[in-house]
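Below: input-v3.cif (mmCIF, C-alpha atoms)
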```cif
data_start
#
loop_
_atom_site.label_atom_id
_atom_site.label_comp_id
_atom_site.auth_asym_id
_atom_site.auth_seq_id
_atom_site.Cartn_x
_atom_site.Cartn_y
_atom_site.Cartn_z
CA MET T 200 48.69 82.20 109.18
CA SER T 201 46.28 80.73 106.66
CA HIS T 202 46.57 81.47 102.98
CA PRO T 203 43.73 81.71 100.43
CA THR T 204 42.99 78.40 98.73
CA ALA T 205 42.45 78.03 94.99
CA ARG T 206 38.77 78.50 95.64
CA GLU T 207 39.33 81.54 97.83
CA GLN T 208 41.48 83.75 95.64
CA PRO T 209 41.67 87.33 96.88
CA PRO T 210 39.60 89.79 94.83
CA GLU T 211 41.33 91.52 91.94
CA ARG T 212 42.56 94.95 93.03
CA ILE T 213 41.28 97.56 90.61
CA PHE T 214 42.28 101.21 90.29
CA LEU T 215 39.59 103.42 88.73
CA VAL T 216 40.09 106.35 86.36
CA PHE T 217 37.11 108.69 85.91
CA VAL T 218 36.96 110.93 82.84
CA ASN T 219 33.48 112.49 83.01
CA THR T 220 33.36 116.19 82.18
CA ASP T 221 30.23 117.15 84.14
CA VAL T 222 31.12 117.90 87.80
CA SER T 223 27.51 117.42 88.89
CA GLU T 224 27.67 113.75 87.85
CA ASP T 225 30.77 112.89 89.88
CA ASP T 226 29.08 111.02 92.75
CA TYR T 227 26.80 109.15 90.37
CA VAL T 228 29.63 108.13 88.02
CA GLU T 229 31.86 106.99 90.87
CA ALA T 230 29.17 104.89 92.54
CA GLU T 231 28.20 103.27 89.25
CA LEU T 232 31.72 102.22 88.25
CA GLU T 233 32.44 100.94 91.75
CA GLY T 234 29.23 98.91 91.52
CA LEU T 235 30.36 97.40 88.21
CA CYS T 236 33.64 96.37 89.86
CA VAL T 237 31.76 94.69 92.71
CA ALA T 238 29.68 92.84 90.09
CA VAL T 239 32.85 91.14 88.77
CA GLY T 240 34.07 90.32 92.25
CA ALA T 241 36.83 92.95 92.25
CA GLU T 242 37.89 95.46 94.88
CA ALA T 243 38.36 99.15 94.04
CA VAL T 244 41.56 100.21 95.82
CA GLY T 245 41.95 103.75 94.53
CA SER T 246 40.88 106.28 91.92
CA LEU T 247 41.76 109.50 90.15
CA ARG T 248 39.98 111.76 87.69
CA GLN T 249 40.88 113.79 84.65
CA ARG T 250 38.28 115.94 82.94
CA VAL T 251 39.02 115.15 79.34
CA GLY T 252 37.70 117.83 77.01
CA LYS T 253 39.72 116.55 74.07
CA PRO T 254 41.23 113.07 74.62
CA THR T 255 44.95 112.58 74.03
CA ARG T 256 45.22 110.27 71.06
CA PRO T 257 47.97 107.89 72.32
CA THR T 258 46.64 107.33 75.87
CA PHE T 259 43.28 109.18 76.10
CA ILE T 260 44.39 110.85 79.36
CA GLY T 261 47.30 113.32 79.38
CA LYS T 262 50.97 112.47 79.88
CA GLY T 263 51.07 114.03 83.35
CA LYS T 264 48.00 112.10 84.43
CA VAL T 265 49.55 108.85 83.14
CA GLU T 266 52.58 109.47 85.36
CA GLU T 267 50.29 110.19 88.31
CA LEU T 268 48.32 107.01 87.57
CA THR T 269 51.51 104.96 87.45
CA SER T 270 52.58 106.22 90.86
CA TYR T 271 49.20 105.79 92.57
CA ALA T 272 48.56 102.33 91.09
CA ALA T 273 51.96 101.14 92.34
CA GLU T 274 51.35 102.61 95.78
CA VAL T 275 48.10 100.66 96.29
CA GLU T 276 49.42 97.56 94.49
CA ALA T 277 46.61 97.56 91.92
CA ASP T 278 46.34 94.57 89.61
CA THR T 279 44.28 96.27 86.93
CA ILE T 280 43.41 99.78 85.77
CA VAL T 281 39.83 100.50 84.65
CA ILE T 282 39.24 103.60 82.50
CA ASP T 283 35.61 104.76 82.54
CA THR T 284 35.31 105.14 78.77
CA GLU T 285 35.88 103.09 75.63
CA LEU T 286 39.51 102.98 74.47
CA SER T 287 41.12 101.93 71.21
CA GLY T 288 43.48 98.96 71.12
CA THR T 289 46.43 101.31 70.69
CA GLN T 290 45.43 103.39 73.71
CA ILE T 291 45.13 100.28 75.87
CA ARG T 292 48.54 99.03 74.69
CA ASN T 293 50.22 102.39 75.31
CA LEU T 294 48.70 102.72 78.78
CA GLU T 295 49.75 99.20 79.74
CA GLU T 296 53.32 99.87 78.62
CA ALA T 297 53.42 103.15 80.55
CA VAL T 298 51.74 101.98 83.76
CA GLY T 299 53.11 98.45 83.82
CA ARG T 300 49.72 96.97 84.64
CA ARG T 301 46.78 95.49 82.81
CA VAL T 302 44.38 98.14 81.50
CA ILE T 303 40.74 97.56 80.56
CA ASP T 304 38.06 100.02 79.54
CA ARG T 305 34.44 100.41 80.59
CA THR T 306 33.21 98.28 77.69
CA GLN T 307 35.43 95.33 78.62
CA LEU T 308 34.20 95.54 82.21
CA ILE T 309 30.53 95.47 81.21
CA LEU T 310 31.13 92.68 78.67
CA ASP T 311 32.72 90.62 81.46
CA ILE T 312 29.64 91.12 83.66
CA PHE T 313 27.36 90.08 80.81
CA ALA T 314 29.48 86.98 80.19
CA ARG T 315 29.08 86.00 83.86
CA ARG T 316 25.35 86.67 83.96
CA ALA T 317 24.10 85.07 80.72
CA ARG T 318 22.38 81.76 81.44
CA THR T 319 20.38 80.83 78.35
CA LYS T 320 21.96 79.68 75.11
CA GLU T 321 20.71 82.79 73.32
CA GLY T 322 22.15 85.09 75.98
CA GLN T 323 25.53 83.36 75.83
CA LEU T 324 25.62 83.65 72.04
CA GLN T 325 24.75 87.34 72.21
CA VAL T 326 27.49 88.06 74.74
CA GLU T 327 30.12 86.17 72.73
CA LEU T 328 29.12 88.07 69.60
CA ALA T 329 29.46 91.39 71.44
CA GLN T 330 32.88 90.39 72.75
CA LEU T 331 34.16 89.41 69.31
CA ARG T 332 32.85 92.62 67.72
CA TYR T 333 34.68 94.56 70.41
CA ARG T 334 37.94 92.63 69.97
CA LEU T 335 38.10 92.48 66.18
CA PRO T 336 39.32 96.06 65.57
CA ARG T 337 41.77 95.61 68.45
CA LEU T 338 43.51 92.49 67.11
CA MET T 339 46.30 94.64 65.70
CA SER T 340 47.46 95.47 69.22
CA ALA T 341 48.24 91.83 69.87
CA TRP T 342 50.76 91.80 67.03
CA THR T 343 52.57 95.11 67.47
CA LYS T 344 56.01 93.52 67.23
CA PHE T 345 55.28 92.70 63.59
CA GLU T 346 53.84 96.09 62.61
CA ARG T 347 56.88 97.14 60.61
CA GLN T 348 56.70 94.00 58.49
CA ARG T 349 53.45 95.05 56.83
CA GLY T 350 53.41 95.89 53.14
CA GLY T 351 56.18 96.02 50.54
CA ILE T 352 57.83 93.26 48.50
CA GLY T 353 59.76 90.89 50.70
CA MET T 354 58.41 92.53 53.86
CA ARG T 355 55.48 90.20 54.45
CA GLY T 356 56.24 88.67 57.87
CA PRO T 357 54.75 85.86 59.95
CA GLY T 358 53.09 88.37 62.26
CA GLU T 359 50.87 89.76 59.55
CA THR T 360 50.05 86.26 58.34
CA GLN T 361 48.95 85.27 61.83
CA LEU T 362 46.98 88.49 62.17
CA GLU T 363 45.11 87.73 58.97
CA ARG T 364 44.42 84.20 60.18
CA ASP T 365 43.07 85.58 63.46
CA ARG T 366 40.87 88.06 61.64
CA ARG T 367 39.47 85.35 59.38
CA THR T 368 38.81 83.10 62.38
CA VAL T 369 37.03 85.87 64.29
CA ASN T 370 35.00 86.97 61.26
CA LYS T 371 33.97 83.38 60.59
CA ARG T 372 32.86 82.97 64.20
CA ILE T 373 30.98 86.29 64.08
CA SER T 374 29.10 85.10 60.97
CA LYS T 375 28.22 81.80 62.63
CA LEU T 376 27.03 83.50 65.83
CA SER T 377 25.01 86.06 63.88
CA ALA T 378 23.26 83.26 61.99
CA GLU T 379 22.44 81.40 65.22
CA ILE T 380 21.18 84.56 66.90
CA ASP T 381 19.04 85.35 63.84
CA GLY T 382 17.48 81.93 64.30
CA HIS T 383 16.66 82.75 67.91
CA SER T 384 15.30 86.14 66.81
CA ARG T 385 12.98 84.48 64.29
CA HIS T 386 11.78 82.13 67.02
CA ARG T 387 11.21 85.12 69.29
CA ALA T 388 9.27 86.88 66.52
CA LEU T 389 7.13 83.77 66.13
CA GLN T 390 6.48 83.78 69.87
CA ARG T 391 5.37 87.41 69.61
CA GLU T 392 3.00 86.53 66.78
CA ASN T 393 1.57 83.69 68.86
CA ARG T 394 1.04 86.08 71.76
CA LYS T 395 -0.78 88.48 69.45
CA ALA T 396 -3.21 85.68 68.62
CA LYS T 397 -4.23 85.69 72.27
CA PRO T 398 -6.41 88.37 73.88
CA HIS T 399 -3.70 89.66 76.19
CA SER T 400 -1.61 92.82 76.15
CA VAL T 401 2.18 92.55 76.34
CA VAL T 402 3.62 94.61 79.20
CA ALA T 403 7.41 95.05 79.21
CA ILE T 404 9.24 96.07 82.39
CA VAL T 405 12.11 98.45 81.63
CA GLY T 406 14.48 100.41 83.82
CA TYR T 407 18.01 101.17 84.83
CA THR T 408 19.97 98.18 86.07
CA SER T 409 19.40 97.58 89.81
CA ALA T 410 16.21 99.68 89.82
CA GLY T 411 14.21 96.66 91.04
CA LYS T 412 12.71 95.27 87.82
CA SER T 413 13.22 91.60 88.70
CA THR T 414 11.98 92.14 92.25
CA LEU T 415 8.80 93.66 90.81
CA MET T 416 8.45 90.77 88.36
CA ASN T 417 8.69 88.30 91.22
CA ARG T 418 6.21 90.30 93.29
CA LEU T 419 3.60 90.35 90.50
CA VAL T 420 3.85 86.83 89.10
CA ASP T 421 6.14 84.81 91.39
CA ALA T 422 8.55 84.32 88.49
CA ASP T 423 11.54 83.23 90.60
CA VAL T 424 13.81 85.63 88.69
CA LEU T 425 17.17 86.37 90.35
CA ALA T 426 16.77 89.71 92.11
CA ASP T 427 20.12 91.18 93.11
CA ALA T 428 21.33 94.70 93.83
CA MET T 429 24.32 94.11 91.56
CA PRO T 430 24.22 95.54 88.02
CA PHE T 431 22.84 93.17 85.37
CA ALA T 432 21.85 90.45 87.86
CA THR T 433 19.57 89.05 85.15
CA LEU T 434 20.12 89.27 81.40
CA ASP T 435 17.79 86.69 79.94
CA PRO T 436 14.23 87.93 79.41
CA THR T 437 11.43 86.23 81.31
CA THR T 438 7.79 86.18 80.21
CA ARG T 439 4.91 85.27 82.52
CA LYS T 440 1.14 85.64 82.36
CA LEU T 441 -0.35 88.10 84.84
CA GLU T 442 -4.03 87.82 85.78
CA LEU T 443 -5.70 91.19 86.37
CA ASP T 444 -9.06 92.44 87.62
CA LYS T 445 -12.13 92.92 85.40
CA GLY T 446 -11.28 89.79 83.41
CA PHE T 447 -8.07 91.19 81.92
CA SER T 448 -4.78 89.36 81.59
CA CYS T 449 -1.40 90.36 80.18
CA PHE T 450 1.98 88.90 79.32
CA LEU T 451 4.61 90.44 81.59
CA VAL T 452 8.14 90.60 80.14
CA ASP T 453 11.25 91.41 82.19
CA THR T 454 13.98 92.96 80.00
CA VAL T 455 17.72 93.56 80.40
CA GLY T 456 18.58 96.59 82.52
CA PHE T 457 19.90 99.77 80.90
CA ILE T 458 23.00 101.66 81.96
CA ARG T 459 24.88 104.85 81.13
CA ARG T 460 26.71 104.45 77.83
CA LEU T 461 25.66 100.83 77.28
CA PRO T 462 28.29 99.52 74.83
CA THR T 463 27.11 99.65 71.22
CA GLN T 464 28.25 96.04 70.74
CA LEU T 465 25.81 94.93 73.42
CA VAL T 466 22.94 96.99 72.02
CA ALA T 467 23.54 95.37 68.62
CA ALA T 468 23.92 91.84 70.02
CA PHE T 469 20.84 92.10 72.26
CA ARG T 470 18.73 93.80 69.61
CA GLY T 471 16.38 90.83 69.30
CA THR T 472 15.82 90.78 73.05
CA LEU T 473 15.38 94.53 73.25
CA GLU T 474 12.78 94.36 70.48
CA GLU T 475 10.42 93.06 73.16
CA VAL T 476 10.27 96.72 74.23
CA VAL T 477 9.37 97.92 70.72
CA HIS T 478 6.58 95.37 70.27
CA ALA T 479 5.05 95.78 73.73
CA ASP T 480 1.59 97.28 74.24
CA LEU T 481 2.68 98.97 77.47
CA LEU T 482 5.99 99.78 79.17
CA VAL T 483 6.37 99.75 82.95
CA HIS T 484 9.36 101.98 83.68
CA VAL T 485 10.83 101.16 87.10
CA VAL T 486 12.75 104.06 88.70
CA ASP T 487 14.79 103.79 91.91
CA ALA T 488 13.27 106.75 93.76
CA SER T 489 15.61 106.28 96.72
CA LEU T 490 18.56 107.67 94.73
CA GLU T 491 19.33 111.37 94.90
CA ASP T 492 20.08 111.46 91.18
CA TRP T 493 17.27 109.20 90.02
CA GLU T 494 16.45 111.73 87.27
CA LEU T 495 19.70 110.85 85.48
CA GLN T 496 18.75 107.18 85.37
CA ARG T 497 15.19 107.98 84.33
CA ASP T 498 16.34 110.20 81.46
CA LEU T 499 18.85 107.62 80.24
CA VAL T 500 16.16 104.93 80.10
CA LEU T 501 13.85 107.27 78.20
CA ASP T 502 16.67 108.07 75.75
CA THR T 503 17.31 104.35 75.22
CA VAL T 504 13.61 103.68 74.64
CA ARG T 505 13.64 106.42 71.98
CA GLU T 506 16.76 104.95 70.35
CA LEU T 507 15.00 101.59 70.13
CA GLY T 508 12.05 103.24 68.37
CA ALA T 509 9.58 102.60 71.21
CA GLU T 510 8.87 106.19 72.16
CA ASP T 511 5.21 105.86 71.09
CA VAL T 512 4.52 102.84 73.31
CA PRO T 513 2.36 103.93 76.31
CA MET T 514 4.33 104.00 79.57
CA ILE T 515 3.65 103.77 83.29
CA THR T 516 6.34 105.22 85.56
CA VAL T 517 6.87 103.22 88.75
CA PHE T 518 8.76 105.02 91.52
CA ASN T 519 10.20 102.04 93.38
CA LYS T 520 11.95 101.61 96.76
CA ILE T 521 9.80 104.17 98.57
CA ASP T 522 10.39 102.16 101.75
CA LEU T 523 13.93 103.58 101.67
CA LEU T 524 12.78 107.21 101.56
CA SER T 525 13.30 109.18 104.78
CA ASP T 526 10.41 111.50 103.83
CA SER T 527 7.26 109.69 102.72
CA SER T 528 5.83 112.89 101.23
CA VAL T 529 8.44 112.65 98.45
CA ALA T 530 6.59 109.69 96.92
CA THR T 531 3.28 111.57 97.00
CA ARG T 532 4.88 114.57 95.29
CA LEU T 533 6.48 112.43 92.56
CA VAL T 534 3.19 110.76 91.67
CA ALA T 535 1.42 114.13 91.61
CA GLU T 536 4.05 115.64 89.32
CA TRP T 537 4.55 112.71 86.95
CA PRO T 538 1.61 111.54 84.79
CA ASP T 539 0.63 107.86 84.72
CA SER T 540 2.80 107.02 87.70
CA VAL T 541 2.62 105.11 90.96
CA ALA T 542 4.87 104.85 94.01
CA ILE T 543 5.66 101.36 95.27
CA SER T 544 8.02 99.16 97.18
CA ALA T 545 8.46 95.95 95.20
CA THR T 546 10.24 94.42 98.19
CA VAL T 547 7.57 95.23 100.80
CA GLY T 548 4.54 95.25 98.49
CA THR T 549 3.44 98.82 99.16
CA GLY T 550 1.55 100.39 96.24
CA ILE T 551 1.23 97.19 94.19
CA PRO T 552 -2.62 97.40 94.05
CA ASP T 553 -2.29 100.93 92.63
CA LEU T 554 0.09 99.65 89.95
CA LEU T 555 -2.26 96.81 88.99
CA ASP T 556 -5.19 99.23 88.78
CA LEU T 557 -3.18 101.45 86.44
CA ILE T 558 -2.24 98.50 84.22
CA VAL T 559 -5.93 97.53 84.02
CA ALA T 560 -6.84 101.11 83.10
CA LYS T 561 -4.28 101.05 80.29
CA CYS T 562 -5.66 97.72 79.05
CA GLU T 563 -9.18 99.16 79.14
CA SER T 564 -8.09 102.22 77.16
CA LYS T 565 -7.33 99.96 74.19
CA LEU T 566 -10.98 98.91 73.95
CA GLU T 567 -13.37 100.70 71.61
CA LEU T 568 -17.08 100.14 70.99
CA VAL T 569 -18.01 98.17 67.87
CA LYS T 570 -21.52 97.45 66.54
CA ALA T 571 -21.60 94.57 64.09
CA LEU T 572 -24.01 92.10 62.47
CA ILE T 573 -22.11 88.82 62.13
CA PRO T 574 -23.44 86.15 59.69
CA TYR T 575 -24.24 82.79 61.23
CA ASP T 576 -21.51 81.10 59.19
CA GLN T 577 -18.98 83.35 61.02
CA THR T 578 -20.12 82.65 64.58
CA ARG T 579 -16.54 81.80 65.59
CA LEU T 580 -15.99 85.57 65.52
CA VAL T 581 -18.68 85.95 68.15
CA GLU T 582 -16.77 83.66 70.51
CA SER T 583 -13.56 85.56 69.80
CA CYS T 584 -15.25 88.78 70.87
CA HIS T 585 -15.70 87.34 74.35
CA GLN T 586 -11.95 86.69 74.49
CA PHE T 587 -10.74 89.91 72.88
CA GLY T 588 -12.89 92.35 74.81
CA ARG T 589 -16.25 92.74 76.53
CA VAL T 590 -19.55 91.86 74.89
CA LEU T 591 -22.18 94.36 76.03
CA LEU T 592 -25.11 93.15 73.91
CA LYS T 593 -25.76 90.03 71.85
CA ASP T 594 -28.98 89.61 69.84
CA TYR T 595 -29.75 86.64 67.56
CA ARG T 596 -31.49 88.06 64.50
CA GLU T 597 -32.78 86.59 61.27
CA ASP T 598 -29.71 87.55 59.23
CA GLY T 599 -27.03 87.07 61.90
CA VAL T 600 -25.84 87.83 65.41
CA TYR T 601 -25.96 91.50 66.35
CA LEU T 602 -23.18 92.50 68.73
CA GLU T 603 -22.25 95.57 70.67
CA ALA T 604 -18.82 95.01 72.17
CA GLU T 605 -15.75 96.84 73.44
CA LEU T 606 -12.84 95.22 71.61
CA VAL T 607 -9.08 95.45 71.17
CA PRO T 608 -7.78 96.83 67.84
CA GLU T 609 -6.92 93.37 66.41
CA MET T 610 -10.48 92.15 66.92
CA ARG T 611 -12.03 95.38 65.67
CA ALA T 612 -10.17 94.90 62.39
CA LYS T 613 -11.66 91.42 61.95
CA LEU T 614 -15.21 92.78 62.39
CA GLU T 615 -14.78 95.84 60.20
CA ARG T 616 -16.60 94.34 57.22
CA TYR T 617 -19.60 93.46 59.40
CA GLU T 618 -19.96 96.79 61.19
CA VAL T 619 -23.37 98.48 61.17
CA PRO T 620 -24.47 102.03 62.19
#
```
Can you give me the file's structure in the form of structure tokens?
Amino acid sequence: MSHPTAREQPPERIFLVFVNTDVSEDDYVEAELEGLCVAVGAEAVGSLRQRVGKPTRPTFIGKGKVEELTSYAAEVEADTIVIDTELSGTQIRNLEEAVGRRVIDRTQLILDIFARRARTKEGQLQVELAQLRYRLPRLMSAWTKFERQRGGIGMRGPGETQLERDRRTVNKRISKLSAEIDGHSRHRALQRENRKAKPHSVVAIVGYTSAGKSTLMNRLVDADVLADAMPFATLDPTTRKLELDKGFSCFLVDTVGFIRRLPTQLVAAFRGTLEEVVHADLLVHVVDASLEDWELQRDLVLDTVRELGAEDVPMITVFNKIDLLSDSSVATRLVAEWPDSVAISATVGTGIPDLLDLIVAKCESKLELVKALIPYDQTRLVESCHQFGRVLLKDYREDGVYLEAELVPEMRAKLERYEVP
């Protein structure tokens, strides 16, 4: 009988604990957490649920449920317990002592996925920062055997000294990472300013993780972005130029996928990346229409967009994966009911022309008619008008160049002083 080699270690056996209170979300919650486990190469070997109205302070779940968990986890020989919520360090420690197995919470699981997925230097820095911010308040749990030595004359023990050293080390590293990430954020801001100097809209693709954002990006611009059904297959944003009809172009930005209860540490760490959403001219919201509960994912993305302060950015809703629908009329109904929407299959290519037409229409909607008389010593503005819009009429007059043009807001502002009735 052959045994697994060092390279072929068996997957970690994980036992799942669900704590959602809404019965209608059960299937969705279960599928999502199981998907997160698959993303870290683990195998879900069992599960139980407790509807926690008011969490028990020591262990989050009740004493009876802890005993049940201990029995079930032993029966299936689980290596690790995953609780589908965020726990305190004390709760994790108490659960581990009671169950006799490693316990991690939802945040740790997602942080692990992010650590595996980050490829760029900026992404790796952001993930490390999020991990340290998560761990810092939980350092005390690592030194519980010294807890009674805290405070009081003559009671200052080596455990507390080590704890303080660890805290200083972590805080120092957090400061260093924050400074490096700020540098990347400034560079990103400079890139955004440079893009603004060009006559192209910025279109950011947003959506729930695994909705098909990267597949759509590859379909539109052949970006060679990793497209995988696993959650958070790509973390690092990709920007490509997309050529459109009627002489329009745009910068297409693929952003990190959203998820239910995205850990606050990650939102904070990836703030600079997520700001691409805030500064975009248009959002393309990709929705997996093949899911029965796609509305839950759609609403969560919309809530996240609002939290980022991007609720006023125009949005196109893209109902993706229509090739997986058993009833094709569903796609037609969704587009009819939802404004500024299209139904597509990013994998097959169905509906892509409709999406491109809608993006062009949104780009056109930014243009407004301007009539201006531009002095001959400012003729560079005339050339810019050709780049930043459509010149409808150009007449060389004695006192300057008369223009009638449909222009983007940035160009209209530059011509304001030369406008004529």
**Report entry** Option closest in space to Ala272 of chain T, from T:Ser246, T:Ser583, T:Thr503, T:Ser377 [counting only C-alpha atoms]
**Finding:**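 Nearest to Ala272 of chain T: T:Ser246.
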Please write as a CSV table (one decimal) with C-alpha atoms, keeping the file's coordinate frame the full residue list that the PyMOL selection byres ((chain T and resi 308) around 12) yields on this file.
```
chain,number,residue,atom,x,y,z
T,213,ILE,CA,41.3,97.6,90.6
T,215,LEU,CA,39.6,103.4,88.7
T,232,LEU,CA,31.7,102.2,88.2
T,233,GLU,CA,32.4,100.9,91.8
T,234,GLY,CA,29.2,98.9,91.5
T,235,LEU,CA,30.4,97.4,88.2
T,236,CYS,CA,33.6,96.4,89.9
T,237,VAL,CA,31.8,94.7,92.7
T,238,ALA,CA,29.7,92.8,90.1
T,239,VAL,CA,32.8,91.1,88.8
T,240,GLY,CA,34.1,90.3,92.2
T,241,ALA,CA,36.8,93.0,92.2
T,279,THR,CA,44.3,96.3,86.9
T,280,ILE,CA,43.4,99.8,85.8
T,281,VAL,CA,39.8,100.5,84.6
T,282,ILE,CA,39.2,103.6,82.5
T,283,ASP,CA,35.6,104.8,82.5
T,284,THR,CA,35.3,105.1,78.8
T,285,GLU,CA,35.9,103.1,75.6
T,286,LEU,CA,39.5,103.0,74.5
T,302,VAL,CA,44.4,98.1,81.5
T,303,ILE,CA,40.7,97.6,80.6
T,304,ASP,CA,38.1,100.0,79.5
T,305,ARG,CA,34.4,100.4,80.6
T,306,THR,CA,33.2,98.3,77.7
T,307,GLN,CA,35.4,95.3,78.6
T,309,ILE,CA,30.5,95.5,81.2
T,310,LEU,CA,31.1,92.7,78.7
T,311,ASP,CA,32.7,90.6,81.5
T,312,ILE,CA,29.6,91.1,83.7
T,313,PHE,CA,27.4,90.1,80.8
T,314,ALA,CA,29.5,87.0,80.2
T,315,ARG,CA,29.1,86.0,83.9
T,330,GLN,CA,32.9,90.4,72.8
T,333,TYR,CA,34.7,94.6,70.4
T,430,PRO,CA,24.2,95.5,88.0
T,461,LEU,CA,25.7,100.8,77.3
T,462,PRO,CA,28.3,99.5,74.8
```
Requested in this report: Might you spell out which residues the PyMOL selection byres ((chain T and resi 589) around 10) would select in the displayed file, as number ranges by chain?
Outcome: T: 445-447, 563, 566-568, 584-588, 590-592, 603-607
Query - Exercise: Val251 of chain T partners within 10 Å, all atoms listed in the file, chain neighbours under 2 positions left out, as JSON, numbers by chain - result: {"T": [217, 218, 219, 220, 248, 249, 253, 254, 255, 259, 260, 261]}
Considering all atoms listed in the file, return as an mmCIF file with C-alpha atoms, in the frame of the given file whatever protein or nucleic-acid residues lie within 7 Å of Ile521 of chain T, sequence-local ones (same chain, fewer than 5 positions apart) excluded.
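Below is the file that was written, around.cif:
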```cif
data_model
loop_
_atom_site.group_PDB
_atom_site.id
_atom_site.type_symbol
_atom_site.label_atom_id
_atom_site.label_comp_id
_atom_site.auth_asym_id
_atom_site.auth_seq_id
_atom_site.Cartn_x
_atom_site.Cartn_y
_atom_site.Cartn_z
ATOM 1 C CA ALA T 488 13.270 106.750 93.760
ATOM 2 C CA SER T 489 15.610 106.280 96.720
ATOM 3 C CA ALA T 530 6.590 109.690 96.920
ATOM 4 C CA ALA T 542 4.870 104.850 94.010
ATOM 5 C CA ILE T 543 5.660 101.360 95.270
ATOM 6 C CA SER T 544 8.020 99.160 97.180
#
```
Query - Which residue of T:Thr531, T:Ser270, T:Gln290, T:Gln325 approaches Lys375 of chain T most closely, using all atoms listed in the file - result: T:Gln325
**Report entry** One-decimal distance in Å that lies between atom CA of Glu379 of chain T and atom CA of Gln464 of chain T
**Finding:**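 That distance, rounded to one decimal, is 16.7 Å.
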Requested in this report: Give the answer as one residue: which of T:Glu321, T:Glu582, T:Glu615, T:Asp365 has the shortest atom-to-atom distance to Arg334 of chain T, using all atoms listed in the file?
Outcome: T:Asp365
Query raised in the report: Which residues, written as a PyMOL selection string, have at least one atom at most 12 Å from Ile558 of chain T, with only C-alpha atoms counted and residues fewer than 5 positions away on the same chain left out?
Result: chain T and resi 400-404+419+441-445+447-451+480-483+513-517+539-541+551-553+563-565
**Report entry** Long-range neighbours of segment 490-499 of chain T as a PyMOL selection string, 10 Å cut-off, only C-alpha atoms, 3 positions minimum in chain
**Finding:** chain T and resi 223-224+226-227+406-408+410+457-460+484-487+502-505+516+518+520+523-524
Query raised in the report: Can you tell me how far atom CA of Leu507 of chain T sits from atom CA of Arg387 of chain T, in Å to one decimal?
Result: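 Separation of atom CA of Leu507 of chain T and atom CA of Arg387 of chain T: 16.9 Å.
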Query raised in the report: Do you know which residues the PyMOL selection byres ((chain T and resi 299) around 12) returns on this file, as an NGL selection string?
Result: :T and (265-266 or 268-270 or 272-273 or 276-280 or 291-298 or 300-302)
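Pairwise distance (atom CA of Ile573 of chain T, atom CA of Leu602 of chain T) equals 7.6 Å.
When only C-alpha atoms are used to measure the gap to Tyr271 of chain T, the shortest distance among T:Leu247, T:Ala388, T:Leu554, T:Leu324 belongs to T:Leu247.
Nearest to Asn519 of chain T of all the residues T:Asp594, T:Val222, T:Ser409, T:Glu475 is T:Ser409, based on all atoms listed in the file.
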